[in-house]
Amino acid sequence: MGSRISLDDQKRRAKLEEELIVMERNLSKTATAHYTASEFYSQLDIKLKYASYITGILGTSGGVLSKLAWKTMAQNYPRLGPVAATTAATMSLFAVLVNIPNLPHSPAALHQMHFRAGIECQYLRRRVGFFAKTDVWNTSIPWTTLASRYENLLKEKKEVNSRVQSEAWAYRATLNEECEGERKKVRGKE
């Protein structure tokens, strides 16, 4: 810290620090939105699995019962037999589809994707914060190095955001929670 920083360099570094603080805040919100979406999809996956177990049981028992009582059902209710068989087949198919582990847009897969994206955003947020606190005002690091590091962070942020977009409803919920927290702080000070 022996060398002096020119006024122009001070302005550039101050602007870079502001940009990094904004990027860190946005990454924090995005990570929270990913975690919110991950939790939602996890709960949805659990509900669908329970529904698939119930429909699987009903579908299997409906198919078995319709085969055992087919003659009686066909004589008493001629239209009920095909409906029961179709319903049983549909319920069984639903049970099988919900429980396929690697279905691309299933709630289980979306839960994992958003959870990983949240971790990546959190990791990048920590790197941005560390860079803002340690390197921006370090006079031994030239401006060109700082600018190239900032560009690399922007590229990484774009990569992280392009893999999995945060859900709009989850991002809005994160913003609403933040606004509520600020309102509570203001009310507490009054």
# chains A, B, ... in the order shown; residues from 1 in each chain; ligands from 1

call {"tool": "closest_atom_pairs", "arguments": {"of": "region 126-165 of chain A", "to": "region 8-28 of chain A", "cutoff": "8 Å", "atoms": "only C-alpha atoms", "output": "CSV"}}
result
residue,atom,partner,partner_atom,distance
A:Arg126,CA,A:Glu24,CA,7.7
A:Val128,CA,A:Glu24,CA,6.1
A:Gly129,CA,A:Glu24,CA,6.2
A:Ala132,CA,A:Glu17,CA,5.8
A:Val136,CA,A:Arg13,CA,6.1
A:Trp137,CA,A:Arg13,CA,6.9
A:Trp143,CA,A:Asp9,CA,7.5

call {"tool": "write_last_selection", "arguments": {"atoms": "N, CA and C atoms", "output": "PDB file, in the first residue's frame"}}
result
ATOM      1  N   ARG A 126     -19.956 -15.584  -2.729  1.00  0.00           N
ATOM      2  CA  ARG A 126     -18.840 -15.502  -1.768  1.00  0.00           C
ATOM      3  C   ARG A 126     -17.563 -15.051  -2.461  1.00  0.00           C
ATOM      4  N   VAL A 128     -17.379 -13.169  -5.164  1.00  0.00           N
ATOM      5  CA  VAL A 128     -17.549 -11.755  -5.499  1.00  0.00           C
ATOM      6  C   VAL A 128     -17.328 -10.897  -4.256  1.00  0.00           C
ATOM      7  N   GLY A 129     -17.905 -11.309  -3.118  1.00  0.00           N
ATOM      8  CA  GLY A 129     -17.723 -10.560  -1.878  1.00  0.00           C
ATOM      9  C   GLY A 129     -16.273 -10.517  -1.439  1.00  0.00           C
ATOM     10  N   ALA A 132     -14.450  -8.122  -3.676  1.00  0.00           N
ATOM     11  CA  ALA A 132     -14.787  -6.729  -3.364  1.00  0.00           C
ATOM     12  C   ALA A 132     -14.076  -6.256  -2.098  1.00  0.00           C
ATOM     13  N   VAL A 136     -10.117  -4.949  -4.457  1.00  0.00           N
ATOM     14  CA  VAL A 136     -10.485  -3.702  -5.141  1.00  0.00           C
ATOM     15  C   VAL A 136      -9.583  -2.542  -4.715  1.00  0.00           C
ATOM     16  N   TRP A 137      -9.309  -2.417  -3.451  1.00  0.00           N
ATOM     17  CA  TRP A 137      -8.513  -1.286  -2.967  1.00  0.00           C
ATOM     18  C   TRP A 137      -7.051  -1.647  -2.725  1.00  0.00           C
ATOM     19  N   TRP A 143      -5.197  -1.844 -12.378  1.00  0.00           N
ATOM     20  CA  TRP A 143      -6.596  -1.742 -12.803  1.00  0.00           C
ATOM     21  C   TRP A 143      -6.937  -2.769 -13.878  1.00  0.00           C
TER      22      TRP A 143
END

call {"tool": "closest_atom_pairs", "arguments": {"of": "region 161-181 of chain A", "to": "region 152-157 of chain A", "cutoff": "12 Å", "atoms": "only C-alpha atoms", "output": "Markdown table"}}
result
| residue | atom | partner | partner_atom | distance |
| --- | --- | --- | --- | --- |
| A:Asn161 | CA | A:Lys157 | CA | 6.1 |
| A:Ser162 | CA | A:Lys157 | CA | 8.4 |
| A:Arg163 | CA | A:Lys157 | CA | 10.2 |
| A:Val164 | CA | A:Lys157 | CA | 11.5 |
| A:Gln165 | CA | A:Lys157 | CA | 11.6 |

call {"tool": "residues_around", "arguments": {"residues": "Leu97 (chain A)", "least_positions_apart": "6", "cutoff": "12 Å", "atoms": "only C-alpha atoms", "output": "PDB file with C-alpha atoms, in the first residue's frame"}}
result
ATOM      1  CA  LEU A  48     -46.966 -36.760  -6.409  1.00  0.00           C
ATOM      2  CA  LYS A  49     -45.253 -39.870  -5.079  1.00  0.00           C
ATOM      3  CA  ALA A  51     -50.640 -39.802  -5.148  1.00  0.00           C
ATOM      4  CA  SER A  52     -48.893 -42.287  -7.424  1.00  0.00           C
ATOM      5  CA  TYR A  53     -48.826 -44.901  -4.667  1.00  0.00           C
ATOM      6  CA  THR A  55     -53.415 -44.493  -7.798  1.00  0.00           C
ATOM      7  CA  GLY A  56     -51.095 -47.440  -8.347  1.00  0.00           C
ATOM      8  CA  THR A  90     -54.397 -44.937 -16.661  1.00  0.00           C
ATOM      9  CA  MET A  91     -53.812 -45.044 -12.905  1.00  0.00           C
ATOM     10  CA  LEU A 103     -37.402 -37.836 -16.074  1.00  0.00           C
ATOM     11  CA  PRO A 104     -36.004 -34.435 -17.232  1.00  0.00           C
ATOM     12  CA  HIS A 105     -38.711 -32.052 -16.005  1.00  0.00           C
ATOM     13  CA  SER A 106     -40.084 -34.045 -13.115  1.00  0.00           C
ATOM     14  CA  PRO A 107     -40.362 -32.310  -9.739  1.00  0.00           C
TER      15      PRO A 107
END

call {"tool": "closest_residue", "arguments": {"among": "A:Gly181, A:Ile57, A:Ser38, A:Ile119", "to": "Phe94 (chain A)", "atoms": "only C-alpha atoms"}}
result
A:Ile57

call {"tool": "closest_residue", "arguments": {"among": "A:Ser92, A:Gln122, A:Thr144, A:Asn176", "to": "Tyr35 (chain A)", "atoms": "only C-alpha atoms"}}
result
A:Gln122

call {"tool": "atom_distance", "arguments": {"atom1": "CA of Phe130 (chain A)", "atom2": "CA of Thr36 (chain A)"}}
result
25.2 Å

call {"tool": "closest_residue", "arguments": {"among": "A:Ser6, A:Asn76, A:Thr145, A:Gln112", "to": "Ala37 (chain A)", "atoms": "only C-alpha atoms"}}
result
A:Gln112

call {"tool": "residues_around", "arguments": {"residues": "His34 (chain A)", "least_positions_apart": "2", "cutoff": "7 Å", "atoms": "only C-alpha atoms", "output": "PyMOL selection string"}}
result
chain A and resi 30-32+36-38+114-115+117-118+166
